[in-house]
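Q: As input, take my_file-v9.pdb (PDB, C-alpha atoms and all ligand atoms):
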```pdb
ATOM      1  CA  MET Y  19      93.512 141.788 207.360  1.00  0.00           C
ATOM      2  CA  PRO Y  20      89.875 141.808 206.212  1.00  0.00           C
ATOM      3  CA  LYS Y  21      88.143 138.489 205.800  1.00  0.00           C
ATOM      4  CA  LYS Y  22      86.213 137.348 202.747  1.00  0.00           C
ATOM      5  CA  VAL Y  23      87.325 140.093 200.408  1.00  0.00           C
ATOM      6  CA  SER Y  24      86.063 139.067 196.992  1.00  0.00           C
ATOM      7  CA  LEU Y  25      88.390 140.291 194.278  1.00  0.00           C
ATOM      8  CA  ASN Y  26      87.344 141.581 190.895  1.00  0.00           C
ATOM      9  CA  VAL Y  27      90.024 140.842 188.317  1.00  0.00           C
ATOM     10  CA  LYS Y  28      90.589 141.569 184.649  1.00  0.00           C
ATOM     11  CA  CYS Y  29      92.857 140.329 181.918  1.00  0.00           C
ATOM     12  CA  PRO Y  30      96.032 142.463 181.798  1.00  0.00           C
ATOM     13  CA  PHE Y  31      96.006 142.278 177.971  1.00  0.00           C
ATOM     14  CA  CYS Y  32      92.432 142.867 176.790  1.00  0.00           C
ATOM     15  CA  ASN Y  33      91.101 144.384 180.039  1.00  0.00           C
ATOM     16  CA  LYS Y  34      87.983 142.201 179.923  1.00  0.00           C
ATOM     17  CA  THR Y  35      86.672 140.796 183.168  1.00  0.00           C
ATOM     18  CA  LEU Y  36      87.657 137.283 184.223  1.00  0.00           C
ATOM     19  CA  MET Y  37      84.798 137.053 186.706  1.00  0.00           C
ATOM     20  CA  ASP Y  38      82.206 134.349 186.163  1.00  0.00           C
ATOM     21  CA  GLU Y  39      78.844 135.213 187.737  1.00  0.00           C
ATOM     22  CA  GLY Y  40      77.486 131.814 186.801  1.00  0.00           C
ATOM     23  CA  HIS Y  41      80.018 129.789 188.736  1.00  0.00           C
ATOM     24  CA  LEU Y  42      80.130 130.437 192.457  1.00  0.00           C
ATOM     25  CA  ILE Y  43      82.821 129.299 194.864  1.00  0.00           C
ATOM     26  CA  ASN Y  44      82.055 129.926 198.550  1.00  0.00           C
ATOM     27  CA  ASN Y  45      78.994 131.889 197.379  1.00  0.00           C
ATOM     28  CA  LYS Y  46      81.129 134.390 195.471  1.00  0.00           C
ATOM     29  CA  ARG Y  47      81.604 134.658 191.736  1.00  0.00           C
ATOM     30  CA  SER Y  48      84.744 132.913 190.611  1.00  0.00           C
ATOM     31  CA  ILE Y  49      87.676 133.789 188.372  1.00  0.00           C
ATOM     32  CA  ARG Y  50      87.460 131.823 185.123  1.00  0.00           C
ATOM     33  CA  ILE Y  51      90.655 131.081 183.194  1.00  0.00           C
ATOM     34  CA  LEU Y  52      91.667 128.638 180.488  1.00  0.00           C
ATOM     35  CA  ILE Y  53      94.266 126.110 181.535  1.00  0.00           C
ATOM     36  CA  GLU Y  54      96.625 123.795 179.726  1.00  0.00           C
ATOM     37  CA  THR Y  55      98.437 121.118 181.703  1.00  0.00           C
ATOM     38  CA  ALA Y  56     101.999 119.937 181.098  1.00  0.00           C
ATOM     39  CA  GLU Y  57     100.460 117.049 179.141  1.00  0.00           C
ATOM     40  CA  HIS Y  58      98.739 119.564 176.840  1.00  0.00           C
ATOM     41  CA  LYS Y  59      95.261 118.844 178.107  1.00  0.00           C
ATOM     42  CA  LYS Y  60      93.082 121.918 177.829  1.00  0.00           C
ATOM     43  CA  GLY Y  61      90.295 122.889 180.148  1.00  0.00           C
ATOM     44  CA  THR Y  62      88.835 125.595 182.316  1.00  0.00           C
ATOM     45  CA  ILE Y  63      89.673 126.409 185.903  1.00  0.00           C
ATOM     46  CA  TRP Y  64      87.555 128.467 188.296  1.00  0.00           C
ATOM     47  CA  LEU Y  65      89.508 130.016 191.140  1.00  0.00           C
ATOM     48  CA  SER Y  66      87.978 131.359 194.301  1.00  0.00           C
ATOM     49  CA  SER Y  67      87.875 135.152 194.149  1.00  0.00           C
ATOM     50  CA  ILE Y  68      88.175 135.408 197.927  1.00  0.00           C
ATOM     51  CA  TYR Y  69      91.533 136.715 199.047  1.00  0.00           C
ATOM     52  CA  GLY Y  70      93.600 133.949 200.618  1.00  0.00           C
ATOM     53  CA  ASP Y  71      91.192 131.174 199.638  1.00  0.00           C
ATOM     54  CA  TYR Y  72      92.771 128.130 197.998  1.00  0.00           C
ATOM     55  CA  ASN Y  73      89.590 126.617 196.613  1.00  0.00           C
ATOM     56  CA  TYR Y  74      89.136 126.046 192.919  1.00  0.00           C
ATOM     57  CA  THR Y  75      87.284 123.778 190.573  1.00  0.00           C
ATOM     58  CA  CYS Y  76      88.555 122.525 187.267  1.00  0.00           C
ATOM     59  CA  ASP Y  77      87.086 120.392 184.502  1.00  0.00           C
ATOM     60  CA  LEU Y  78      90.434 118.629 184.164  1.00  0.00           C
ATOM     61  CA  LYS Y  79      92.262 116.561 186.702  1.00  0.00           C
ATOM     62  CA  ILE Y  80      95.448 118.506 187.366  1.00  0.00           C
ATOM     63  CA  PRO Y  81      98.291 116.294 188.558  1.00  0.00           C
ATOM     64  CA  GLU Y  82      99.992 117.455 191.759  1.00  0.00           C
ATOM     65  CA  ASP Y  83     103.089 119.578 190.968  1.00  0.00           C
ATOM     66  CA  ASP Y  84     101.958 120.143 187.388  1.00  0.00           C
ATOM     67  CA  VAL Y  85     102.904 123.565 186.050  1.00  0.00           C
ATOM     68  CA  ALA Y  86      99.964 124.770 184.001  1.00  0.00           C
ATOM     69  CA  ILE Y  87      99.734 127.429 181.338  1.00  0.00           C
ATOM     70  CA  MET Y  88      96.844 129.743 182.083  1.00  0.00           C
ATOM     71  CA  SER Y  89      95.307 132.018 179.522  1.00  0.00           C
ATOM     72  CA  CYS Y  90      92.537 134.560 179.125  1.00  0.00           C
ATOM     73  CA  PRO Y  91      89.205 133.084 177.935  1.00  0.00           C
ATOM     74  CA  GLN Y  92      88.571 136.267 175.908  1.00  0.00           C
ATOM     75  CA  CYS Y  93      91.806 137.124 174.077  1.00  0.00           C
ATOM     76  CA  LYS Y  94      93.533 133.742 174.660  1.00  0.00           C
ATOM     77  CA  LYS Y  95      96.804 135.407 175.650  1.00  0.00           C
ATOM     78  CA  GLU Y  96      98.996 133.545 178.110  1.00  0.00           C
ATOM     79  CA  LEU Y  97      98.875 134.957 181.604  1.00  0.00           C
ATOM     80  CA  ASN Y  98     102.015 133.151 182.805  1.00  0.00           C
ATOM     81  CA  ARG Y  99     104.860 135.603 183.307  1.00  0.00           C
ATOM     82  CA  SER Y 100     108.144 134.120 182.206  1.00  0.00           C
ATOM     83  CA  LYS Y 101     110.243 136.620 184.147  1.00  0.00           C
ATOM     84  CA  VAL Y 102     108.376 136.396 187.422  1.00  0.00           C
ATOM     85  CA  THR Y 103     108.668 133.150 189.319  1.00  0.00           C
ATOM     86  CA  CYS Y 104     107.203 131.760 192.510  1.00  0.00           C
ATOM     87  CA  ASP Y 105     109.259 132.332 195.674  1.00  0.00           C
ATOM     88  CA  VAL Y 106     108.335 128.877 196.880  1.00  0.00           C
ATOM     89  CA  CYS Y 107     108.736 126.583 193.863  1.00  0.00           C
ATOM     90  CA  ALA Y 108     110.186 128.726 191.006  1.00  0.00           C
ATOM     91  CA  ALA Y 109     107.286 128.030 188.629  1.00  0.00           C
ATOM     92  CA  PRO Y 110     106.039 130.988 186.563  1.00  0.00           C
ATOM     93  CA  ILE Y 111     103.650 133.356 188.285  1.00  0.00           C
ATOM     94  CA  VAL Y 112     100.288 134.103 186.693  1.00  0.00           C
ATOM     95  CA  SER Y 113      98.993 137.640 187.152  1.00  0.00           C
ATOM     96  CA  PHE Y 114      95.701 139.426 186.670  1.00  0.00           C
ATOM     97  CA  THR Y 115      94.839 143.094 186.920  1.00  0.00           C
ATOM     98  CA  CYS Y 116      92.776 143.899 189.976  1.00  0.00           C
ATOM     99  CA  SER Y 117      89.914 146.408 189.725  1.00  0.00           C
ATOM    100  CA  VAL Y 118      91.127 148.185 192.858  1.00  0.00           C
ATOM    101  CA  GLY Y 119      94.640 148.576 191.503  1.00  0.00           C
ATOM    102  CA  GLY Y 120      97.718 146.455 191.511  1.00  0.00           C
ATOM    103  CA  ARG Y 121      97.960 142.856 190.577  1.00  0.00           C
ATOM    104  CA  VAL Y 122      96.678 139.609 191.813  1.00  0.00           C
ATOM    105  CA  SER Y 123      99.255 136.871 191.411  1.00  0.00           C
ATOM    106  CA  ILE Y 124      99.097 133.145 191.751  1.00  0.00           C
ATOM    107  CA  CYS Y 125     101.583 130.345 191.210  1.00  0.00           C
ATOM    108  CA  SER Y 126     101.014 128.203 188.118  1.00  0.00           C
ATOM    109  CA  ARG Y 127     102.011 124.992 189.879  1.00  0.00           C
ATOM    110  CA  ALA Y 128      99.180 122.824 191.184  1.00  0.00           C
ATOM    111  CA  GLY Y 129      99.467 122.223 194.908  1.00  0.00           C
ATOM    112  CA  CYS Y 130     101.975 125.019 195.504  1.00  0.00           C
ATOM    113  CA  LYS Y 131     101.309 127.011 198.666  1.00  0.00           C
ATOM    114  CA  ASN Y 132     101.503 130.156 196.609  1.00  0.00           C
ATOM    115  CA  HIS Y 133      98.491 128.917 194.647  1.00  0.00           C
ATOM    116  CA  TYR Y 134      96.019 131.508 195.804  1.00  0.00           C
ATOM    117  CA  VAL Y 135      95.127 135.070 195.143  1.00  0.00           C
ATOM    118  CA  VAL Y 136      97.578 137.648 196.479  1.00  0.00           C
ATOM    119  CA  PHE Y 137      97.979 141.357 196.130  1.00  0.00           C
ATOM    120  CA  GLU Y 138     101.409 142.688 195.382  1.00  0.00           C
ATOM    121  CA  ASN Y 139     100.547 145.767 197.335  1.00  0.00           C
ATOM    122  CA  LEU Y 140      97.864 144.727 199.771  1.00  0.00           C
ATOM    123  CA  ASP Y 141      97.649 147.921 201.800  1.00  0.00           C
ATOM    124  CA  THR Y 142      96.936 150.168 198.850  1.00  0.00           C
ATOM    125  CA  ALA Y 143      94.580 147.698 197.252  1.00  0.00           C
ATOM    126  CA  VAL Y 144      92.577 147.125 200.418  1.00  0.00           C
ATOM    127  CA  ARG Y 145      92.255 150.855 201.012  1.00  0.00           C
ATOM    128  CA  LYS Y 146      90.993 151.352 197.456  1.00  0.00           C
ATOM    129  CA  PHE Y 147      88.694 148.405 197.923  1.00  0.00           C
ATOM    130  CA  TYR Y 148      87.115 150.124 200.936  1.00  0.00           C
ATOM    131  CA  ASP Y 149      86.727 153.317 198.923  1.00  0.00           C
ATOM    132  CA  GLU Y 150      85.185 151.505 195.985  1.00  0.00           C
ATOM    133  CA  TYR Y 151      82.768 149.260 197.838  1.00  0.00           C
ATOM    134  CA  GLY Y 152      82.379 150.953 201.208  1.00  0.00           C
ATOM    135  CA  TYR Y 153      83.096 147.564 202.692  1.00  0.00           C
ATOM    136  CA  ASN Y 154      83.498 147.188 206.448  1.00  0.00           C
TER
HETATM  137 ZN    ZN S 201      92.405 138.862 177.620  1.00  0.00          ZN
HETATM  138 ZN    ZN S 202     104.818 127.992 193.487  1.00  0.00          ZN
END
```
Mind converting the file's structure to structure tokens?
Ligand SMILES: [Zn+2]
Ligand SMILES: [Zn+2]

A:
Amino acid sequence: MPKKVSLNVKCPFCNKTLMDEGHLINNKRSIRILIETAEHKKGTIWLSSIYGDYNYTCDLKIPEDDVAIMSCPQCKKELNRSKVTCDVCAAPIVSFTCSVGGRVSICSRAGCKNHYVVFENLDTAVRKFYDEYGYN
């Protein structure tokens, strides 16, 4: 398992990048998404783009256990998938398209252990990542 792989993700609907060069987390560009809490407060969340990293910053205070609706800052479409739920807490899963293929999925519930970036098919994605970036 490689360390510090920084993912490059896109919106699955409009195919525009979700990466924010202007907002770094752990010295890597972050993933910027719009968020709406269960109390209908709207804000922006920046997730770490590093695989397996839980860090994020948000301009809202997200209550623990809150299930948020996340949407694309470009096309405003909801990224929560109603038919795919978290193995841990059953909240909807939020997915992005990964530049190296496959999907990056996170849980929409704040504080859930599944709340980080994961590949659905890590082996393939990591291999493509090596091909694309020559990373070692
Ligand atoms: Zn979009
Ligand atoms: Zn969960």

Q: Between Y:Ala56, Y:Pro110, Y:Glu150, Y:Gly120, which has the minimum distance to ligand ZN 202 (chain S) (counting all atoms listed in the file)?

A: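 Checking each of Y:Ala56, Y:Pro110, Y:Glu150, Y:Gly120 against ligand ZN 202 (chain S), counting all atoms listed in the file, the winner is Y:Pro110.
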
Q: Could you check which of Y:Leu78, Y:Ala109, Y:Leu52, Y:Met37 is closest to Lys95 in chain Y, using all atoms listed in the file?

A: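 Among the listed residues, the smallest separation from Lys95 in chain Y belongs to Y:Leu52.
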
Q: Given the file above and the PyMOL selection byres (((not hetatm)) within 7 of (chain S and resi 201)), which residues are selected, and can you give them as a PyMOL selection string?

A: chain Y and resi 29-34+90-95

Q: Can I get the selected residues back with C-alpha atoms, as a tab-separated table (two decimals), in the coordinates of the input?

A:
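Full text of selection31.tsv as output:
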```tsv
chain	number	residue	atom	x	y	z
Y	29	CYS	CA	92.86	140.33	181.92
Y	30	PRO	CA	96.03	142.46	181.80
Y	31	PHE	CA	96.01	142.28	177.97
Y	32	CYS	CA	92.43	142.87	176.79
Y	33	ASN	CA	91.10	144.38	180.04
Y	34	LYS	CA	87.98	142.20	179.92
Y	90	CYS	CA	92.54	134.56	179.12
Y	91	PRO	CA	89.20	133.08	177.94
Y	92	GLN	CA	88.57	136.27	175.91
Y	93	CYS	CA	91.81	137.12	174.08
Y	94	LYS	CA	93.53	133.74	174.66
Y	95	LYS	CA	96.80	135.41	175.65
```

Q: Could you list, as a list in words, all protein and nucleic acid residues with an atom at most 10 Å from ligand ZN 202 (chain S), counting all atoms listed in the file?

A: Asp83, Val85, Thr103, Cys104, Asp105, Val106, Cys107, Ala108, Ala109, Pro110, Ile111, Ile124, Cys125, Ser126, Arg127, Ala128, Gly129, Cys130, Lys131, Asn132, His133 and Tyr134 of chain Y

Q: Can you write out as CSV which residues of range 20-41 of chain Y fall within 10 Å of range 142-149 of chain Y, alongside each residue's closest atom pair and its distance in Å to one decimal, counting all atoms listed in the file and ordering rows by chain and ascending residue number?

A:
```
residue,atom,partner,partner_atom,distance
Y:Pro20,CA,Y:Val144,CA,8.3
Y:Val23,CA,Y:Val144,CA,8.8
Y:Ser24,CA,Y:Phe147,CA,9.7
Y:Leu25,CA,Y:Phe147,CA,8.9
Y:Asn26,CA,Y:Phe147,CA,9.9
```

Q: Restrict the selected residues to C-alpha atoms and save them as a PDB file, in the coordinates of the input.

A:
```
ATOM      1  CA  PRO Y  20      89.875 141.808 206.212  1.00  0.00           C
ATOM      2  CA  VAL Y  23      87.325 140.093 200.408  1.00  0.00           C
ATOM      3  CA  SER Y  24      86.063 139.067 196.992  1.00  0.00           C
ATOM      4  CA  LEU Y  25      88.390 140.291 194.278  1.00  0.00           C
ATOM      5  CA  ASN Y  26      87.344 141.581 190.895  1.00  0.00           C
TER       6      ASN Y  26
END
```

Q: Evaluated on this file, the PyMOL selection byres (((chain Y and resi 38-43) around 9) and not hetatm) picks out some residues - which ones are they, written as a PyMOL selection string?

A: chain Y and resi 35-37+44-50+64-68+73-75

Q: I need the chosen residues saved as an mmCIF file, in the frame of the given file, with C-alpha atoms.

A:
```cif
data_model
loop_
_atom_site.group_PDB
_atom_site.id
_atom_site.type_symbol
_atom_site.label_atom_id
_atom_site.label_comp_id
_atom_site.auth_asym_id
_atom_site.auth_seq_id
_atom_site.Cartn_x
_atom_site.Cartn_y
_atom_site.Cartn_z
ATOM 1 C CA THR Y 35 86.672 140.796 183.168
ATOM 2 C CA LEU Y 36 87.657 137.283 184.223
ATOM 3 C CA MET Y 37 84.798 137.053 186.706
ATOM 4 C CA ASN Y 44 82.055 129.926 198.550
ATOM 5 C CA ASN Y 45 78.994 131.889 197.379
ATOM 6 C CA LYS Y 46 81.129 134.390 195.471
ATOM 7 C CA ARG Y 47 81.604 134.658 191.736
ATOM 8 C CA SER Y 48 84.744 132.913 190.611
ATOM 9 C CA ILE Y 49 87.676 133.789 188.372
ATOM 10 C CA ARG Y 50 87.460 131.823 185.123
ATOM 11 C CA TRP Y 64 87.555 128.467 188.296
ATOM 12 C CA LEU Y 65 89.508 130.016 191.140
ATOM 13 C CA SER Y 66 87.978 131.359 194.301
ATOM 14 C CA SER Y 67 87.875 135.152 194.149
ATOM 15 C CA ILE Y 68 88.175 135.408 197.927
ATOM 16 C CA ASN Y 73 89.590 126.617 196.613
ATOM 17 C CA TYR Y 74 89.136 126.046 192.919
ATOM 18 C CA THR Y 75 87.284 123.778 190.573
#
```

Q: Going by the chain IDs and residue numbers used in this file, which residues fall under the PyMOL selection byres (((chain Y and resi 117) around 7) and not hetatm)? Write them as a list in words.

A: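 That selection, the PyMOL selection byres (((chain Y and resi 117) around 7) and not hetatm), comes back as Asn26, Val27, Thr115, Cys116, Val118 and Gly119 of chain Y.
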
Q: Those same residues - C-alpha atoms - I'd like them written as a short mmCIF file (atom, residue, chain, number, x, y, z; two decimals), keeping the file's coordinate frame.

A:
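Dumped to again17.cif:
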```cif
data_model
loop_
_atom_site.label_atom_id
_atom_site.label_comp_id
_atom_site.auth_asym_id
_atom_site.auth_seq_id
_atom_site.Cartn_x
_atom_site.Cartn_y
_atom_site.Cartn_z
CA ASN Y 26 87.34 141.58 190.90
CA VAL Y 27 90.02 140.84 188.32
CA THR Y 115 94.84 143.09 186.92
CA CYS Y 116 92.78 143.90 189.98
CA VAL Y 118 91.13 148.18 192.86
CA GLY Y 119 94.64 148.58 191.50
#
```

Q: Pick the closest to Leu97 in chain Y from Y:Gly70, Y:Asp84, Y:Glu54, Y:Lys59: which is it, counting only C-alpha atoms?

A: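 Residue with the minimum atom-to-atom distance to Leu97 in chain Y: Y:Glu54.
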
Q: Could you please determine the separation between CA of Glu82 in chain Y and CA of Val122 in chain Y in Å, to one decimal place?

A: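 These atoms are spaced 22.4 Å apart.
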
Q: Work out how far CA of Arg121 in chain Y is from CA of Glu57 in chain Y, in Å to one decimal.

A: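 According to the coordinates, CA of Glu57 in chain Y and CA of Arg121 in chain Y are separated by 28.3 Å.
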
Q: So the first atom is CA of Asn98 in chain Y and the second is CA of Lys22 in chain Y; what is the distance between them in Å, to one decimal place?

A: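 One can read the CA of Asn98 in chain Y to CA of Lys22 in chain Y distance as 25.8 Å.
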
Q: Please return range 89-103 of chain Y, rebuilt to N, CA and C atoms, as a short mmCIF file (atom, residue, chain, number, x, y, z; two decimals), in the coordinates of the input.

A:
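The new file result_24.cif reads:
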```
data_model
loop_
_atom_site.label_atom_id
_atom_site.label_comp_id
_atom_site.auth_asym_id
_atom_site.auth_seq_id
_atom_site.Cartn_x
_atom_site.Cartn_y
_atom_site.Cartn_z
N SER Y 89 95.51 130.95 180.49
CA SER Y 89 95.31 132.02 179.52
C SER Y 89 93.91 132.61 179.64
N CYS Y 90 93.78 133.80 179.05
CA CYS Y 90 92.54 134.56 179.12
C CYS Y 90 91.48 133.90 178.24
N PRO Y 91 90.26 133.69 178.76
CA PRO Y 91 89.20 133.08 177.94
C PRO Y 91 88.73 134.01 176.82
N GLN Y 92 89.02 135.30 176.92
CA GLN Y 92 88.57 136.27 175.91
C GLN Y 92 89.60 136.42 174.78
N CYS Y 93 90.82 136.84 175.13
CA CYS Y 93 91.81 137.12 174.08
C CYS Y 93 92.79 135.97 173.89
N LYS Y 94 92.71 134.95 174.76
CA LYS Y 94 93.53 133.74 174.66
C LYS Y 94 95.03 133.98 174.91
N LYS Y 95 95.39 135.15 175.36
CA LYS Y 95 96.80 135.41 175.65
C LYS Y 95 97.22 134.67 176.92
N GLU Y 96 98.45 134.23 176.93
CA GLU Y 96 99.00 133.54 178.11
C GLU Y 96 99.19 134.51 179.26
N LEU Y 97 98.75 134.10 180.43
CA LEU Y 97 98.88 134.96 181.60
C LEU Y 97 100.10 134.61 182.44
N ASN Y 98 100.78 133.51 182.09
CA ASN Y 98 102.02 133.15 182.80
C ASN Y 98 103.09 134.19 182.48
N ARG Y 99 103.80 134.60 183.51
CA ARG Y 99 104.86 135.60 183.31
C ARG Y 99 106.20 134.90 183.38
N SER Y 100 106.90 134.89 182.26
CA SER Y 100 108.14 134.12 182.21
C SER Y 100 109.22 134.69 183.12
N LYS Y 101 109.17 136.00 183.37
CA LYS Y 101 110.24 136.62 184.15
C LYS Y 101 109.94 136.69 185.63
N VAL Y 102 108.72 136.35 186.00
CA VAL Y 102 108.38 136.40 187.42
C VAL Y 102 108.08 134.98 187.88
N THR Y 103 108.85 134.52 188.87
CA THR Y 103 108.67 133.15 189.32
C THR Y 103 108.27 133.11 190.79
#
```
